[in-house]
Amino acid sequence: MAMALVVLLRGINVGGHGILRPRILAKKLSLYDAVSVGAAGTLVVRNPGPRSEFLSHLRLELPPETVVAACDSRALMRLERQIPFNDEPRRADLVQFVTVLSSAAKRKVPVPLHIPKDGEWFVRIIGARGRLVYGVYRRHMKTIGSLGQIDEIFGAPATTRSWSTMLAVLRILKPD
């Protein structure tokens, strides 16, 4: 059996464009044992078969401008075992996040890293492993622009979810 995939979609349900209902998408992908997590376009695909074939089938179901970022479930499980946010303060104004790159990073990036580099930061990247980038961001209007810079920094389109969403993904992957 193939390793489960975690798939994050970017560019759907934004400003009335690329409308997609992830739950309906998961039903269309039931052959692959796909499960939708929330409305943002996060899927757990427990039986993807050959990765390239699954991704080709998935793209047929998506609006053309959708960015697909996928990682194998083992990478996310390794990150959880690493306990990446243990040293981070728990504050209501900070959100722990994981970003999945749609392809391998084009450049090595020294971490930790603050975005923006000067002045008050809105995103702090504390680590990166393979296609996974993780850190904390502030709940602020300027944060979305700072998260968008992760694409440029790592040289690959990226899609971000909160750590709590990723924990929900992990619960699906490890039902016991």
# chains A, B, ... in the order shown; residues from 1 in each chain; ligands from 1
call {"tool": "residues_around", "arguments": {"residues": "segment 133-136 of chain A", "least_positions_apart": "3", "cutoff": "7 Å", "atoms": "only C-alpha atoms", "output": "PDB file with C-alpha atoms, in the first residue's frame"}}
result
ATOM      1  CA  LEU A  94       0.229  33.990  17.854  1.00  0.00           C
ATOM      2  CA  VAL A  95      -0.734  31.099  15.573  1.00  0.00           C
ATOM      3  CA  GLN A  96       1.507  28.085  15.049  1.00  0.00           C
ATOM      4  CA  PHE A  97       1.593  27.071  11.384  1.00  0.00           C
ATOM      5  CA  VAL A  98       2.980  24.602   8.881  1.00  0.00           C
ATOM      6  CA  THR A  99       3.548  25.521   5.248  1.00  0.00           C
ATOM      7  CA  VAL A 100       3.869  22.844   2.574  1.00  0.00           C
ATOM      8  CA  VAL A 123       5.797  35.745  10.502  1.00  0.00           C
ATOM      9  CA  ARG A 124       8.632  33.921  12.225  1.00  0.00           C
ATOM     10  CA  ILE A 125       9.891  30.779  10.517  1.00  0.00           C
ATOM     11  CA  ILE A 126      11.515  28.564  13.125  1.00  0.00           C
ATOM     12  CA  GLY A 127      12.392  25.555  10.992  1.00  0.00           C
ATOM     13  CA  ALA A 128      12.210  23.739   7.674  1.00  0.00           C
ATOM     14  CA  ARG A 129      12.405  20.031   6.852  1.00  0.00           C
TER      15      ARG A 129
END
call {"tool": "residues_around", "arguments": {"residues": "segment 151-162 of chain A", "least_positions_apart": "2", "cutoff": "8 Å", "atoms": "only C-alpha atoms", "output": "list in words"}}
result
Leu8, Leu9, Arg10, Val67, Ala69, Val95, Gln96, Phe97, Val98, Thr99, Val100, Leu101, Ser102, Ser103, Ala104, Ala105, Lys106, Arg107, Lys108, Val109, Leu147, Gly148, Gln149, Ser164, Thr165 and Met166 of chain A
call {"tool": "closest_residue", "arguments": {"among": "A:Leu62, A:Leu132, A:Ile144, A:Leu167", "to": "Ile24 of chain A", "atoms": "only C-alpha atoms"}}
result
A:Leu62
call {"tool": "atom_distance", "arguments": {"atom1": "atom CA of Val6 of chain A", "atom2": "atom CA of Tyr137 of chain A"}}
result
21.9 Å
call {"tool": "residues_around", "arguments": {"residues": "Pro64 of chain A", "least_positions_apart": "2", "cutoff": "12 Å", "atoms": "only C-alpha atoms", "output": "VMD selection string"}}
result
chain A and resid 9 to 12 17 to 20 58 to 62 66 to 68
call {"tool": "select_by_dssp", "arguments": {"residues": "segment 7-95 of chain A", "states": "alpha helix (DSSP H)", "output": "compact mmCIF listing (two decimals) with N, CA and C atoms, in the first residue's frame"}}
result
# COMPACT_ATOMS: atom_id res chain seq x y z
N PRO A 22 -14.48 21.22 -0.78
CA PRO A 22 -13.56 20.12 -0.48
C PRO A 22 -14.24 18.82 -0.10
N ARG A 23 -15.36 18.87 0.59
CA ARG A 23 -16.06 17.65 0.98
C ARG A 23 -16.55 16.89 -0.27
N ILE A 24 -17.07 17.64 -1.26
CA ILE A 24 -17.52 17.02 -2.51
C ILE A 24 -16.32 16.48 -3.29
N LEU A 25 -15.22 17.22 -3.28
CA LEU A 25 -14.00 16.75 -3.93
C LEU A 25 -13.55 15.42 -3.31
N ALA A 26 -13.58 15.34 -1.98
CA ALA A 26 -13.17 14.10 -1.31
C ALA A 26 -14.06 12.94 -1.73
N LYS A 27 -15.36 13.20 -1.91
CA LYS A 27 -16.27 12.13 -2.36
C LYS A 27 -15.90 11.68 -3.77
N LYS A 28 -15.53 12.64 -4.64
CA LYS A 28 -15.12 12.29 -6.00
C LYS A 28 -13.83 11.47 -6.00
N ARG A 51 1.77 8.11 -6.82
CA ARG A 51 1.58 9.54 -6.54
C ARG A 51 1.26 10.34 -7.80
N SER A 52 2.01 10.12 -8.87
CA SER A 52 1.81 10.92 -10.09
C SER A 52 0.44 10.66 -10.69
N GLU A 53 -0.02 9.43 -10.64
CA GLU A 53 -1.36 9.12 -11.17
C GLU A 53 -2.45 9.79 -10.33
N PHE A 54 -2.30 9.71 -9.01
CA PHE A 54 -3.29 10.37 -8.16
C PHE A 54 -3.32 11.87 -8.42
N LEU A 55 -2.14 12.51 -8.45
CA LEU A 55 -2.10 13.96 -8.64
C LEU A 55 -2.67 14.36 -10.00
N SER A 56 -2.45 13.56 -11.02
CA SER A 56 -3.06 13.83 -12.34
C SER A 56 -4.58 13.78 -12.25
N HIS A 57 -5.11 12.77 -11.57
CA HIS A 57 -6.56 12.66 -11.39
C HIS A 57 -7.08 13.84 -10.58
N LEU A 58 -6.39 14.20 -9.52
CA LEU A 58 -6.80 15.32 -8.68
C LEU A 58 -6.89 16.61 -9.50
N ARG A 59 -5.87 16.88 -10.30
CA ARG A 59 -5.84 18.13 -11.09
C ARG A 59 -7.02 18.22 -12.05
N LEU A 60 -7.51 17.09 -12.53
CA LEU A 60 -8.69 17.11 -13.42
C LEU A 60 -9.93 17.63 -12.70
N SER A 73 2.68 11.49 4.33
CA SER A 73 2.25 11.56 5.72
C SER A 73 3.41 11.34 6.70
N ARG A 74 4.42 10.57 6.28
CA ARG A 74 5.55 10.32 7.19
C ARG A 74 6.27 11.62 7.55
N ALA A 75 6.36 12.56 6.61
CA ALA A 75 7.04 13.83 6.88
C ALA A 75 6.30 14.60 7.98
N LEU A 76 4.98 14.61 7.92
CA LEU A 76 4.20 15.31 8.94
C LEU A 76 4.29 14.60 10.29
N MET A 77 4.30 13.27 10.26
CA MET A 77 4.44 12.51 11.51
C MET A 77 5.81 12.75 12.15
N ARG A 78 6.85 12.82 11.32
CA ARG A 78 8.19 13.12 11.85
C ARG A 78 8.21 14.50 12.49
N LEU A 79 7.57 15.46 11.84
CA LEU A 79 7.52 16.81 12.39
C LEU A 79 6.81 16.82 13.74
N GLU A 80 5.73 16.09 13.86
CA GLU A 80 5.01 16.02 15.14
C GLU A 80 5.91 15.43 16.22
N ARG A 81 6.63 14.37 15.91
CA ARG A 81 7.53 13.75 16.90
C ARG A 81 8.64 14.70 17.33
N GLN A 82 9.01 15.59 16.45
CA GLN A 82 10.06 16.57 16.74
C GLN A 82 9.56 17.63 17.73
call {"tool": "residues_around", "arguments": {"residues": "Leu173 of chain A", "least_positions_apart": "5", "cutoff": "8 Å", "atoms": "only C-alpha atoms", "output": "PyMOL selection string"}}
result
chain A and resi 4+44+46+73
call {"tool": "atom_distance", "arguments": {"atom1": "atom CA of Gly145 of chain A", "atom2": "atom CA of Phe122 of chain A"}}
result
9.1 Å
call {"tool": "select_by_dssp", "arguments": {"residues": "chain A", "states": "strand (DSSP E)", "output": "MDAnalysis selection string"}}
result
chainID A and resid 5:10 34:37 42:45 67:72 94:101 113:115 123:129 132:138 158:162
call {"tool": "atom_distance", "arguments": {"atom1": "atom CA of Cys71 of chain A", "atom2": "atom CA of Gly130 of chain A"}}
result
9.2 Å
call {"tool": "closest_residue", "arguments": {"among": "A:Ile150, A:Leu5, A:Arg90, A:Arg139", "to": "Val35 of chain A", "atoms": "only C-alpha atoms"}}
result
A:Leu5
call {"tool": "residues_around", "arguments": {"residues": "Glu120 of chain A", "least_positions_apart": "3", "cutoff": "12 Å", "atoms": "only C-alpha atoms", "output": "JSON, numbers by chain"}}
result
{"A": [114, 115, 116, 117, 123, 124, 137, 138, 140, 142, 143, 146]}
call {"tool": "write_last_selection", "arguments": {"atoms": "N, CA and C atoms", "output": "PDB file, in the first residue's frame"}}
result
ATOM      1  N   HIS A 114      12.697  36.076  10.324  1.00  0.00           N
ATOM      2  CA  HIS A 114      11.539  36.932  10.572  1.00  0.00           C
ATOM      3  C   HIS A 114      11.101  37.608   9.286  1.00  0.00           C
ATOM      4  N   ILE A 115       9.793  37.734   9.104  1.00  0.00           N
ATOM      5  CA  ILE A 115       9.233  38.456   7.959  1.00  0.00           C
ATOM      6  C   ILE A 115       8.305  39.526   8.522  1.00  0.00           C
ATOM      7  N   PRO A 116       8.539  40.793   8.208  1.00  0.00           N
ATOM      8  CA  PRO A 116       9.692  41.307   7.482  1.00  0.00           C
ATOM      9  C   PRO A 116      10.952  41.242   8.337  1.00  0.00           C
ATOM     10  N   LYS A 117      12.093  41.379   7.673  1.00  0.00           N
ATOM     11  CA  LYS A 117      13.376  41.268   8.380  1.00  0.00           C
ATOM     12  C   LYS A 117      13.588  42.414   9.370  1.00  0.00           C
ATOM     13  N   VAL A 123       5.589  37.185  10.658  1.00  0.00           N
ATOM     14  CA  VAL A 123       5.797  35.745  10.502  1.00  0.00           C
ATOM     15  C   VAL A 123       7.208  35.435  10.980  1.00  0.00           C
ATOM     16  N   ARG A 124       7.309  34.390  11.794  1.00  0.00           N
ATOM     17  CA  ARG A 124       8.632  33.921  12.225  1.00  0.00           C
ATOM     18  C   ARG A 124       8.735  32.454  11.839  1.00  0.00           C
ATOM     19  N   TYR A 137       2.856  32.906  13.392  1.00  0.00           N
ATOM     20  CA  TYR A 137       2.529  34.219  12.835  1.00  0.00           C
ATOM     21  C   TYR A 137       1.624  34.964  13.797  1.00  0.00           C
ATOM     22  N   ARG A 138       1.670  36.294  13.668  1.00  0.00           N
ATOM     23  CA  ARG A 138       0.824  37.155  14.498  1.00  0.00           C
ATOM     24  C   ARG A 138      -0.544  37.299  13.852  1.00  0.00           C
ATOM     25  N   HIS A 140      -2.733  39.547  12.606  1.00  0.00           N
ATOM     26  CA  HIS A 140      -2.639  40.951  12.199  1.00  0.00           C
ATOM     27  C   HIS A 140      -3.012  41.058  10.734  1.00  0.00           C
ATOM     28  N   LYS A 142      -1.558  42.563   8.358  1.00  0.00           N
ATOM     29  CA  LYS A 142      -0.400  42.494   7.457  1.00  0.00           C
ATOM     30  C   LYS A 142       0.181  41.092   7.337  1.00  0.00           C
ATOM     31  N   THR A 143      -0.299  40.159   8.120  1.00  0.00           N
ATOM     32  CA  THR A 143       0.283  38.816   8.143  1.00  0.00           C
ATOM     33  C   THR A 143       0.130  38.092   6.817  1.00  0.00           C
ATOM     34  N   SER A 146       2.860  38.805   4.533  1.00  0.00           N
ATOM     35  CA  SER A 146       4.116  38.216   5.014  1.00  0.00           C
ATOM     36  C   SER A 146       4.160  36.723   4.738  1.00  0.00           C
TER      37      SER A 146
END
